[in-house]
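Just protein-v1.cif here, mmCIF, N, CA and C atoms:
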```cif
data_structure
loop_
_atom_site.group_PDB
_atom_site.id
_atom_site.type_symbol
_atom_site.label_atom_id
_atom_site.label_comp_id
_atom_site.auth_asym_id
_atom_site.auth_seq_id
_atom_site.Cartn_x
_atom_site.Cartn_y
_atom_site.Cartn_z
ATOM 1 N N MET E 627 -11.006 62.494 7.491
ATOM 2 C CA MET E 627 -10.084 61.384 7.476
ATOM 3 C C MET E 627 -10.706 60.281 6.636
ATOM 4 N N SER E 628 -9.901 59.663 5.830
ATOM 5 C CA SER E 628 -10.389 58.601 4.955
ATOM 6 C C SER E 628 -9.616 57.306 5.208
ATOM 7 N N LYS E 629 -10.127 56.239 4.614
ATOM 8 C CA LYS E 629 -9.462 54.944 4.733
ATOM 9 C C LYS E 629 -8.070 55.020 4.102
ATOM 10 N N ALA E 630 -7.945 55.752 2.996
ATOM 11 C CA ALA E 630 -6.652 55.900 2.330
ATOM 12 C C ALA E 630 -5.644 56.619 3.228
ATOM 13 N N PHE E 631 -6.111 57.616 3.976
ATOM 14 C CA PHE E 631 -5.233 58.337 4.895
ATOM 15 C C PHE E 631 -4.739 57.402 5.992
ATOM 16 N N ILE E 632 -5.654 56.618 6.571
ATOM 17 C CA ILE E 632 -5.279 55.661 7.622
ATOM 18 C C ILE E 632 -4.299 54.629 7.071
ATOM 19 N N ALA E 633 -4.564 54.149 5.856
ATOM 20 C CA ALA E 633 -3.679 53.165 5.232
ATOM 21 C C ALA E 633 -2.289 53.753 4.999
ATOM 22 N N SER E 634 -2.216 55.017 4.596
ATOM 23 C CA SER E 634 -0.900 55.626 4.357
ATOM 24 C C SER E 634 -0.115 55.788 5.656
ATOM 25 N N ILE E 635 -0.806 56.119 6.757
ATOM 26 C CA ILE E 635 -0.139 56.228 8.061
ATOM 27 C C ILE E 635 0.377 54.859 8.505
ATOM 28 N N ILE E 636 -0.447 53.815 8.334
ATOM 29 C CA ILE E 636 -0.023 52.451 8.682
ATOM 30 C C ILE E 636 1.159 52.031 7.829
ATOM 31 N N GLN E 637 1.110 52.353 6.551
ATOM 32 C CA GLN E 637 2.190 51.990 5.632
ATOM 33 C C GLN E 637 3.505 52.644 6.041
ATOM 34 N N GLU E 638 3.461 53.915 6.387
ATOM 35 C CA GLU E 638 4.680 54.630 6.780
ATOM 36 C C GLU E 638 5.230 54.128 8.114
ATOM 37 N N SER E 639 4.359 53.937 9.097
ATOM 38 C CA SER E 639 4.846 53.581 10.436
ATOM 39 C C SER E 639 5.271 52.124 10.546
ATOM 40 N N ALA E 640 4.611 51.230 9.811
ATOM 41 C CA ALA E 640 4.937 49.805 9.918
ATOM 42 C C ALA E 640 5.827 49.315 8.783
ATOM 43 N N GLY E 641 6.036 50.149 7.777
ATOM 44 C CA GLY E 641 6.877 49.739 6.660
ATOM 45 C C GLY E 641 6.237 48.660 5.801
ATOM 46 N N LEU E 642 4.922 48.699 5.671
ATOM 47 C CA LEU E 642 4.199 47.711 4.878
ATOM 48 C C LEU E 642 4.018 48.191 3.446
ATOM 49 N N THR E 643 3.632 47.265 2.586
ATOM 50 C CA THR E 643 3.273 47.648 1.226
ATOM 51 C C THR E 643 1.918 48.347 1.258
ATOM 52 N N GLY E 644 1.580 49.034 0.185
ATOM 53 C CA GLY E 644 0.304 49.736 0.119
ATOM 54 C C GLY E 644 -0.880 48.797 0.237
ATOM 55 N N THR E 645 -0.792 47.634 -0.389
ATOM 56 C CA THR E 645 -1.877 46.659 -0.336
ATOM 57 C C THR E 645 -2.075 46.128 1.078
ATOM 58 N N ALA E 646 -0.988 45.795 1.751
ATOM 59 C CA ALA E 646 -1.075 45.275 3.118
ATOM 60 C C ALA E 646 -1.606 46.345 4.077
ATOM 61 N N ALA E 647 -1.170 47.581 3.894
ATOM 62 C CA ALA E 647 -1.637 48.670 4.750
ATOM 63 C C ALA E 647 -3.122 48.939 4.519
ATOM 64 N N ASN E 648 -3.561 48.867 3.272
ATOM 65 C CA ASN E 648 -4.981 49.064 2.954
ATOM 66 C C ASN E 648 -5.828 47.962 3.576
ATOM 67 N N ARG E 649 -5.338 46.735 3.525
ATOM 68 C CA ARG E 649 -6.048 45.616 4.135
ATOM 69 C C ARG E 649 -6.104 45.777 5.657
ATOM 70 N N ALA E 650 -4.998 46.226 6.266
ATOM 71 C CA ALA E 650 -4.960 46.448 7.718
ATOM 72 C C ALA E 650 -5.941 47.553 8.123
ATOM 73 N N ALA E 651 -6.023 48.623 7.336
ATOM 74 C CA ALA E 651 -6.967 49.709 7.631
ATOM 75 C C ALA E 651 -8.403 49.207 7.532
ATOM 76 N N GLY E 652 -8.683 48.396 6.526
ATOM 77 C CA GLY E 652 -10.017 47.818 6.374
ATOM 78 C C GLY E 652 -10.367 46.885 7.519
ATOM 79 N N ASP E 653 -9.386 46.082 7.946
ATOM 80 C CA ASP E 653 -9.601 45.168 9.077
ATOM 81 C C ASP E 653 -9.848 45.937 10.368
ATOM 82 N N LEU E 654 -9.120 47.036 10.549
ATOM 83 C CA LEU E 654 -9.309 47.873 11.733
ATOM 84 C C LEU E 654 -10.730 48.433 11.773
ATOM 85 N N MET E 655 -11.184 48.992 10.671
ATOM 86 C CA MET E 655 -12.540 49.545 10.611
ATOM 87 C C MET E 655 -13.592 48.454 10.795
ATOM 88 N N GLY E 656 -13.349 47.288 10.213
ATOM 89 C CA GLY E 656 -14.276 46.168 10.376
ATOM 90 C C GLY E 656 -14.368 45.711 11.820
ATOM 91 N N ALA E 657 -13.232 45.691 12.526
ATOM 92 C CA ALA E 657 -13.226 45.296 13.938
ATOM 93 C C ALA E 657 -13.991 46.304 14.788
ATOM 94 N N ILE E 658 -13.860 47.589 14.475
ATOM 95 C CA ILE E 658 -14.592 48.618 15.219
ATOM 96 C C ILE E 658 -16.093 48.454 15.004
ATOM 97 N N VAL E 659 -16.511 48.247 13.763
ATOM 98 C CA VAL E 659 -17.937 48.062 13.466
ATOM 99 C C VAL E 659 -18.475 46.814 14.154
ATOM 100 N N LYS E 660 -17.702 45.728 14.126
ATOM 101 C CA LYS E 660 -18.119 44.482 14.760
ATOM 102 C C LYS E 660 -18.321 44.669 16.265
ATOM 103 N N GLU E 661 -17.397 45.387 16.900
ATOM 104 C CA GLU E 661 -17.504 45.634 18.337
ATOM 105 C C GLU E 661 -18.694 46.540 18.661
ATOM 106 N N LEU E 662 -18.952 47.538 17.813
ATOM 107 C CA LEU E 662 -20.115 48.406 18.026
ATOM 108 C C LEU E 662 -21.417 47.621 17.909
ATOM 109 N N LYS E 663 -21.485 46.698 16.955
ATOM 110 C CA LYS E 663 -22.683 45.861 16.810
ATOM 111 C C LYS E 663 -22.855 44.932 18.006
ATOM 112 N N LYS E 664 -21.738 44.396 18.505
ATOM 113 C CA LYS E 664 -21.775 43.414 19.590
ATOM 114 C C LYS E 664 -22.097 44.050 20.937
ATOM 115 N N THR E 665 -21.358 45.105 21.309
ATOM 116 C CA THR E 665 -21.498 45.671 22.649
ATOM 117 C C THR E 665 -22.122 47.061 22.688
ATOM 118 N N GLY E 666 -22.145 47.762 21.567
ATOM 119 C CA GLY E 666 -22.718 49.105 21.548
ATOM 120 C C GLY E 666 -21.742 50.196 21.929
ATOM 121 N N ARG E 667 -20.469 49.849 22.140
ATOM 122 C CA ARG E 667 -19.469 50.871 22.447
ATOM 123 C C ARG E 667 -18.083 50.381 22.064
ATOM 124 N N PHE E 668 -17.210 51.335 21.756
ATOM 125 C CA PHE E 668 -15.822 51.017 21.407
ATOM 126 C C PHE E 668 -14.957 52.155 21.939
ATOM 127 N N THR E 669 -13.953 51.821 22.735
ATOM 128 C CA THR E 669 -13.099 52.827 23.347
ATOM 129 C C THR E 669 -11.676 52.714 22.824
ATOM 130 N N LEU E 670 -11.135 53.840 22.403
ATOM 131 C CA LEU E 670 -9.716 53.954 22.081
ATOM 132 C C LEU E 670 -9.089 54.772 23.204
ATOM 133 N N PRO E 671 -8.289 54.155 24.052
ATOM 134 C CA PRO E 671 -7.697 54.879 25.181
ATOM 135 C C PRO E 671 -6.943 56.131 24.720
ATOM 136 N N SER E 672 -7.080 57.183 25.476
ATOM 137 C CA SER E 672 -6.464 58.489 25.204
ATOM 138 C C SER E 672 -7.009 59.160 23.944
ATOM 139 N N PHE E 673 -8.064 58.602 23.355
ATOM 140 C CA PHE E 673 -8.672 59.216 22.167
ATOM 141 C C PHE E 673 -10.148 59.498 22.408
ATOM 142 N N GLY E 674 -10.930 58.449 22.717
ATOM 143 C CA GLY E 674 -12.347 58.653 22.978
ATOM 144 C C GLY E 674 -13.145 57.372 22.861
ATOM 145 N N THR E 675 -14.467 57.533 22.967
ATOM 146 C CA THR E 675 -15.374 56.395 22.954
ATOM 147 C C THR E 675 -16.458 56.604 21.904
ATOM 148 N N PHE E 676 -16.719 55.570 21.132
ATOM 149 C CA PHE E 676 -17.829 55.557 20.184
ATOM 150 C C PHE E 676 -18.981 54.818 20.851
ATOM 151 N N LEU E 677 -20.175 55.395 20.829
ATOM 152 C CA LEU E 677 -21.351 54.807 21.459
ATOM 153 C C LEU E 677 -22.484 54.693 20.450
ATOM 154 N N VAL E 678 -23.233 53.592 20.515
ATOM 155 C CA VAL E 678 -24.424 53.437 19.685
ATOM 156 C C VAL E 678 -25.608 53.939 20.507
ATOM 157 N N ARG E 679 -26.353 54.871 19.945
ATOM 158 C CA ARG E 679 -27.523 55.430 20.616
ATOM 159 C C ARG E 679 -28.764 55.184 19.774
ATOM 160 N N LYS E 680 -29.876 54.945 20.450
ATOM 161 C CA LYS E 680 -31.147 54.784 19.753
ATOM 162 C C LYS E 680 -31.781 56.156 19.548
ATOM 163 N N THR E 681 -32.400 56.344 18.402
ATOM 164 C CA THR E 681 -33.118 57.583 18.131
ATOM 165 C C THR E 681 -34.605 57.280 18.089
ATOM 166 N N LYS E 682 -35.404 58.218 18.544
ATOM 167 C CA LYS E 682 -36.849 58.039 18.560
ATOM 168 C C LYS E 682 -37.441 58.409 17.206
ATOM 169 N N ALA E 683 -38.622 57.862 16.937
ATOM 170 C CA ALA E 683 -39.361 58.268 15.748
ATOM 171 C C ALA E 683 -39.781 59.720 15.943
ATOM 172 N N ARG E 684 -39.778 60.478 14.854
ATOM 173 C CA ARG E 684 -40.136 61.888 14.963
ATOM 174 C C ARG E 684 -40.690 62.392 13.648
ATOM 175 N N LYS E 685 -41.178 63.616 13.681
ATOM 176 C CA LYS E 685 -41.651 64.255 12.458
ATOM 177 C C LYS E 685 -40.529 65.109 11.894
ATOM 178 N N GLY E 686 -40.419 65.115 10.580
ATOM 179 C CA GLY E 686 -39.419 65.929 9.907
ATOM 180 C C GLY E 686 -40.071 66.695 8.777
ATOM 181 N N LEU E 687 -39.305 67.527 8.101
ATOM 182 C CA LEU E 687 -39.807 68.299 6.974
ATOM 183 C C LEU E 687 -39.029 67.958 5.722
ATOM 184 N N ASN E 688 -39.748 67.772 4.634
ATOM 185 C CA ASN E 688 -39.120 67.591 3.337
ATOM 186 C C ASN E 688 -38.618 68.968 2.907
ATOM 187 N N PRO E 689 -37.316 69.146 2.701
ATOM 188 C CA PRO E 689 -36.793 70.477 2.392
ATOM 189 C C PRO E 689 -37.267 71.032 1.050
ATOM 190 N N ARG E 690 -37.590 70.168 0.110
ATOM 191 C CA ARG E 690 -38.048 70.643 -1.203
ATOM 192 C C ARG E 690 -39.491 71.117 -1.175
ATOM 193 N N THR E 691 -40.350 70.307 -0.556
ATOM 194 C CA THR E 691 -41.782 70.618 -0.602
ATOM 195 C C THR E 691 -42.287 71.279 0.669
ATOM 196 N N GLY E 692 -41.568 71.126 1.763
ATOM 197 C CA GLY E 692 -41.998 71.701 3.021
ATOM 198 C C GLY E 692 -43.040 70.867 3.748
ATOM 199 N N GLU E 693 -43.457 69.733 3.160
ATOM 200 C CA GLU E 693 -44.459 68.896 3.818
ATOM 201 C C GLU E 693 -43.807 68.075 4.930
ATOM 202 N N SER E 694 -44.603 67.756 5.950
ATOM 203 C CA SER E 694 -44.067 66.982 7.067
ATOM 204 C C SER E 694 -44.055 65.500 6.705
ATOM 205 N N ILE E 695 -43.017 64.815 7.193
ATOM 206 C CA ILE E 695 -42.863 63.386 6.954
ATOM 207 C C ILE E 695 -42.545 62.715 8.280
ATOM 208 N N LYS E 696 -42.752 61.407 8.346
ATOM 209 C CA LYS E 696 -42.424 60.640 9.536
ATOM 210 C C LYS E 696 -41.028 60.048 9.352
ATOM 211 N N VAL E 697 -40.179 60.217 10.358
ATOM 212 C CA VAL E 697 -38.841 59.637 10.362
ATOM 213 C C VAL E 697 -38.870 58.483 11.351
ATOM 214 N N LYS E 698 -38.488 57.297 10.881
ATOM 215 C CA LYS E 698 -38.530 56.101 11.724
ATOM 216 C C LYS E 698 -37.468 56.142 12.819
ATOM 217 N N ALA E 699 -37.724 55.393 13.878
ATOM 218 C CA ALA E 699 -36.735 55.234 14.943
ATOM 219 C C ALA E 699 -35.558 54.449 14.376
ATOM 220 N N GLY E 700 -34.398 54.669 14.904
ATOM 221 C CA GLY E 700 -33.213 53.982 14.404
ATOM 222 C C GLY E 700 -32.079 54.055 15.397
ATOM 223 N N LYS E 701 -30.871 53.861 14.887
ATOM 224 C CA LYS E 701 -29.670 53.920 15.710
ATOM 225 C C LYS E 701 -28.669 54.857 15.038
ATOM 226 N N THR E 702 -27.842 55.483 15.851
ATOM 227 C CA THR E 702 -26.774 56.335 15.348
ATOM 228 C C THR E 702 -25.545 56.150 16.220
ATOM 229 N N VAL E 703 -24.397 56.529 15.712
ATOM 230 C CA VAL E 703 -23.156 56.402 16.468
ATOM 231 C C VAL E 703 -22.741 57.789 16.939
ATOM 232 N N ARG E 704 -22.429 57.897 18.214
ATOM 233 C CA ARG E 704 -21.963 59.148 18.816
ATOM 234 C C ARG E 704 -20.521 58.963 19.255
ATOM 235 N N PHE E 705 -19.800 60.059 19.333
ATOM 236 C CA PHE E 705 -18.402 60.021 19.777
ATOM 237 C C PHE E 705 -18.228 60.960 20.945
ATOM 238 N N LYS E 706 -17.557 60.477 21.985
ATOM 239 C CA LYS E 706 -17.232 61.302 23.142
ATOM 240 C C LYS E 706 -15.713 61.329 23.275
ATOM 241 N N ALA E 707 -15.134 62.513 23.141
ATOM 242 C CA ALA E 707 -13.688 62.668 23.195
ATOM 243 C C ALA E 707 -13.180 62.485 24.624
ATOM 244 N N SER E 708 -11.989 61.908 24.736
ATOM 245 C CA SER E 708 -11.372 61.729 26.058
ATOM 246 C C SER E 708 -10.789 63.061 26.524
ATOM 247 N N PRO E 709 -10.578 63.195 27.819
ATOM 248 C CA PRO E 709 -9.942 64.433 28.322
ATOM 249 C C PRO E 709 -8.570 64.682 27.710
ATOM 250 N N THR E 710 -7.810 63.630 27.438
ATOM 251 C CA THR E 710 -6.489 63.770 26.815
ATOM 252 C C THR E 710 -6.603 64.385 25.438
ATOM 253 N N LEU E 711 -7.577 63.925 24.646
ATOM 254 C CA LEU E 711 -7.789 64.468 23.302
ATOM 255 C C LEU E 711 -8.265 65.923 23.384
ATOM 256 N N LYS E 712 -9.129 66.214 24.329
ATOM 257 C CA LYS E 712 -9.620 67.585 24.481
ATOM 258 C C LYS E 712 -8.473 68.543 24.807
ATOM 259 N N LYS E 713 -7.537 68.117 25.663
ATOM 260 C CA LYS E 713 -6.396 68.960 26.005
ATOM 261 C C LYS E 713 -5.479 69.151 24.809
ATOM 262 N N ALA E 714 -5.309 68.107 23.997
ATOM 263 C CA ALA E 714 -4.413 68.154 22.858
ATOM 264 C C ALA E 714 -4.943 69.072 21.756
ATOM 265 N N VAL E 715 -6.240 69.148 21.629
ATOM 266 C CA VAL E 715 -6.851 69.971 20.578
ATOM 267 C C VAL E 715 -7.132 71.315 21.148
#
```
Represent the structure from my file as structure tokens, please.
Amino acid sequence: MSKAFIASIIQESAGLTGTAANRAAGDLMGAIVKELKKTGRFTLPSFGTFLVRKTKARKGLNPRTGESIKVKAGKTVRFKASPTLKKAV
């Protein structure tokens, strides 16, 4: 799924121009990112929940050379589907 796909769905359902729908799609994604930064989770009812999880530092392998490298600790976003979405799919 891309931003253009979301914008086209918004454009069709709301009857907006392409520019307005693209701006609305961008605002939607920006609001989701802002909420994830603020609280660490974002829930879309009947769809699922996005969660920010911390990852630990670990050792990894360089695929080209095979030598081990250190991977720093960081954050990643996880998604947990709602039961409604699981039944639908």
Top pick for closest residue to Arg679 of chain E, considering E:Lys696, E:Ser639, E:Thr665, E:Val703 and counting only N, CA and C atoms: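 For Arg679 of chain E, the nearest of the given residues is E:Val703.
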Members of chain E assigned helix (DSSP H, G or I) by DSSP, as a ChimeraX atom specification: /E:629-640,644-665,709-714
Distance in Å - atom N of Pro709 of chain E versus atom C of Thr669 of chain E: 11.7 Å
Picked residues, the PyMOL selection byres ((chain E and resi 702) around 6), as JSON, numbers by chain: {"E": [677, 678, 679, 680, 681, 700, 701, 703, 704]}
Shell of 8 Å around Gly644 of chain E, only C-alpha atoms, local chain residues under 4 positions omitted, as a list in words: Ala633, Ser634, Gln637 and Asn648 of chain E
d(atom C of Ala699 of chain E, atom N of Arg667 of chain E) in Å: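 Answer for the atom C of Ala699 of chain E to atom N of Arg667 of chain E separation: 17.6 Å.
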